[in-house]
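*Asks:* Structure below; questions to follow.
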Amino acid sequence: MAEVIAHLGASGKTGIIDGTEIRVRRPAVGRRDRDRFISGKSKQNAVKTMVVTDGDGRVLFCSPTRPGSCADITHARQLGLVKILADGP
């Protein structure tokens with residue numbers, strides 16, 4: 001992630017960051033963390049990912065998925081994105 005942000009900064013290009021949900025089948029009945037996959041936004045079973053694209057829509061970074069109950073800002077913090085952007089170039 002840091003390399004992508006550094007590349008965008010060095011090249012003077014704009015990056016677009018989006019947290020997106022991907023619907024998944026409901027986890028197995030015996031799974032202990034089954035409720036973590038329920039998204040508060042869509043009330044469906046989902047996983048989330050953060051994607052960074054350039055201005056032309058090319059994907060520069062796609063994060064590992066997280067359970068649907070994870071907020072976008074929490075995911076961004078776990079990836080270090082908030083710190084990278086706060087520190088600046």
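Convention: chains lettered A, B, ... in structure tokens order; per-chain residue numbering from 1; ligands numbered from 1 as shown.
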DSSP says strand (DSSP E or B) for which residues of chain A? Put them as a list in words?

*Replies:* Gly15, Ile16, Ile17, Asp18, Gly19, Thr20, Glu21, Ile22, Arg23, Ile38, Asn45, Ala46, Val47, Lys48, Thr49, Met50, Val51, Val52, Thr53, Asp54, Val59, Leu60, Phe61, Cys62, Arg66 and Pro67 of chain A

*Asks:* With C-alpha atoms kept, could you save the residues just selected as a PDB file, in the first residue's frame?

*Replies:*
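The resulting selection-v6.pdb:
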```pdb
ATOM      1  CA  GLY A  15      -5.646   7.831  -6.603  1.00  0.00           C
ATOM      2  CA  ILE A  16      -9.177   6.761  -5.805  1.00  0.00           C
ATOM      3  CA  ILE A  17      -9.804   4.672  -2.682  1.00  0.00           C
ATOM      4  CA  ASP A  18     -12.964   2.637  -2.247  1.00  0.00           C
ATOM      5  CA  GLY A  19     -14.110   0.113   0.314  1.00  0.00           C
ATOM      6  CA  THR A  20     -16.406  -2.407  -1.321  1.00  0.00           C
ATOM      7  CA  GLU A  21     -18.545  -5.322  -0.168  1.00  0.00           C
ATOM      8  CA  ILE A  22     -18.730  -8.687  -1.868  1.00  0.00           C
ATOM      9  CA  ARG A  23     -21.685 -10.904  -1.043  1.00  0.00           C
ATOM     10  CA  ILE A  38     -23.063  -9.840   8.435  1.00  0.00           C
ATOM     11  CA  ASN A  45     -23.358 -11.898   4.519  1.00  0.00           C
ATOM     12  CA  ALA A  46     -20.361 -10.219   2.953  1.00  0.00           C
ATOM     13  CA  VAL A  47     -16.623  -9.675   2.956  1.00  0.00           C
ATOM     14  CA  LYS A  48     -15.025  -6.270   2.432  1.00  0.00           C
ATOM     15  CA  THR A  49     -11.936  -5.126   0.606  1.00  0.00           C
ATOM     16  CA  MET A  50     -10.172  -1.810  -0.023  1.00  0.00           C
ATOM     17  CA  VAL A  51      -9.230  -0.965  -3.588  1.00  0.00           C
ATOM     18  CA  VAL A  52      -6.972   1.816  -4.869  1.00  0.00           C
ATOM     19  CA  THR A  53      -7.261   2.782  -8.531  1.00  0.00           C
ATOM     20  CA  ASP A  54      -5.710   5.475 -10.670  1.00  0.00           C
ATOM     21  CA  VAL A  59      -6.493  -1.272 -10.044  1.00  0.00           C
ATOM     22  CA  LEU A  60      -3.239  -0.457  -8.257  1.00  0.00           C
ATOM     23  CA  PHE A  61      -3.944  -2.233  -4.975  1.00  0.00           C
ATOM     24  CA  CYS A  62      -6.563  -4.629  -3.625  1.00  0.00           C
ATOM     25  CA  ARG A  66     -12.123  -8.769   5.941  1.00  0.00           C
ATOM     26  CA  PRO A  67     -15.462  -9.896   7.422  1.00  0.00           C
TER      27      PRO A  67
END
```

*Asks:* Give the alpha helix (DSSP H) residues of chain A, as DSSP finds them on the backbone, and put them as a list in words.

*Replies:*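 Of chain A, the ones in alpha helix (DSSP H) are Ala2, Glu3, Val4, Ile5, Ala6, His7, Leu8, Gly9, Ala10, Ser11, Asp72, Ile73, Thr74, His75, Ala76, Arg77, Gln78, Leu79, Leu81, Val82, Lys83, Ile84, Leu85, Ala86 and Asp87 of chain A.
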
*Asks:* Next, write the just-selected residues to a file, as a PDB file, in the first residue's frame, keeping C-alpha atoms as the atom set.

*Replies:*
```pdb
ATOM      1  CA  ALA A   2       2.761   2.462   0.923  1.00  0.00           C
ATOM      2  CA  GLU A   3       4.486   1.843  -2.411  1.00  0.00           C
ATOM      3  CA  VAL A   4       1.290   2.602  -4.332  1.00  0.00           C
ATOM      4  CA  ILE A   5       0.705   5.856  -2.439  1.00  0.00           C
ATOM      5  CA  ALA A   6       4.363   6.852  -2.916  1.00  0.00           C
ATOM      6  CA  HIS A   7       4.128   6.120  -6.656  1.00  0.00           C
ATOM      7  CA  LEU A   8       0.998   8.239  -6.993  1.00  0.00           C
ATOM      8  CA  GLY A   9       2.622  11.089  -5.084  1.00  0.00           C
ATOM      9  CA  ALA A  10       5.854  10.943  -7.089  1.00  0.00           C
ATOM     10  CA  SER A  11       4.035  10.860 -10.413  1.00  0.00           C
ATOM     11  CA  ASP A  72     -14.169   0.811   6.195  1.00  0.00           C
ATOM     12  CA  ILE A  73     -12.229   3.139   8.507  1.00  0.00           C
ATOM     13  CA  THR A  74     -11.149   0.192  10.677  1.00  0.00           C
ATOM     14  CA  HIS A  75      -9.963  -1.671   7.602  1.00  0.00           C
ATOM     15  CA  ALA A  76      -8.066   1.435   6.419  1.00  0.00           C
ATOM     16  CA  ARG A  77      -6.395   1.762   9.830  1.00  0.00           C
ATOM     17  CA  GLN A  78      -5.392  -1.911   9.848  1.00  0.00           C
ATOM     18  CA  LEU A  79      -3.821  -1.492   6.407  1.00  0.00           C
ATOM     19  CA  LEU A  81      -3.656   3.761   5.049  1.00  0.00           C
ATOM     20  CA  VAL A  82      -4.802   6.374   7.573  1.00  0.00           C
ATOM     21  CA  LYS A  83      -1.253   6.820   8.905  1.00  0.00           C
ATOM     22  CA  ILE A  84       0.271   6.970   5.403  1.00  0.00           C
ATOM     23  CA  LEU A  85      -2.171   9.665   4.303  1.00  0.00           C
ATOM     24  CA  ALA A  86      -1.862  11.619   7.577  1.00  0.00           C
ATOM     25  CA  ASP A  87       1.948  11.672   7.382  1.00  0.00           C
TER      26      ASP A  87
END
```

*Asks:* Using only C-alpha atoms, which protein or nucleic acid residues come within 9 Å of Gln44 (chain A)? Drop anything in the same chain fewer than 5 positions from it, and give the result as a PDB file with N, CA and C atoms, in the first residue's frame.

*Replies:*
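part_38.pdb, written as the output of this step:
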```
ATOM      1  N   ARG A  23     -20.778  -9.942  -1.683  1.00  0.00           N
ATOM      2  CA  ARG A  23     -21.685 -10.904  -1.043  1.00  0.00           C
ATOM      3  C   ARG A  23     -21.087 -12.301  -1.083  1.00  0.00           C
ATOM      4  N   VAL A  24     -21.288 -13.029   0.005  1.00  0.00           N
ATOM      5  CA  VAL A  24     -20.812 -14.408   0.098  1.00  0.00           C
ATOM      6  C   VAL A  24     -21.930 -15.280   0.646  1.00  0.00           C
ATOM      7  N   ARG A  26     -23.667 -17.751   3.229  1.00  0.00           N
ATOM      8  CA  ARG A  26     -23.663 -17.740   4.691  1.00  0.00           C
ATOM      9  C   ARG A  26     -22.671 -18.790   5.202  1.00  0.00           C
ATOM     10  N   PHE A  37     -19.621 -11.912   9.595  1.00  0.00           N
ATOM     11  CA  PHE A  37     -19.750 -11.711   8.154  1.00  0.00           C
ATOM     12  C   PHE A  37     -20.991 -10.910   7.769  1.00  0.00           C
ATOM     13  N   ILE A  38     -21.857 -10.608   8.738  1.00  0.00           N
ATOM     14  CA  ILE A  38     -23.063  -9.840   8.435  1.00  0.00           C
ATOM     15  C   ILE A  38     -22.709  -8.363   8.384  1.00  0.00           C
ATOM     16  N   SER A  39     -22.964  -7.761   7.241  1.00  0.00           N
ATOM     17  CA  SER A  39     -22.663  -6.350   7.037  1.00  0.00           C
ATOM     18  C   SER A  39     -23.736  -5.485   7.674  1.00  0.00           C
ATOM     19  N   GLY A  68     -17.541  -8.848   6.763  1.00  0.00           N
ATOM     20  CA  GLY A  68     -18.446  -7.751   6.432  1.00  0.00           C
ATOM     21  C   GLY A  68     -18.761  -6.804   7.566  1.00  0.00           C
TER      22      GLY A  68
END
```
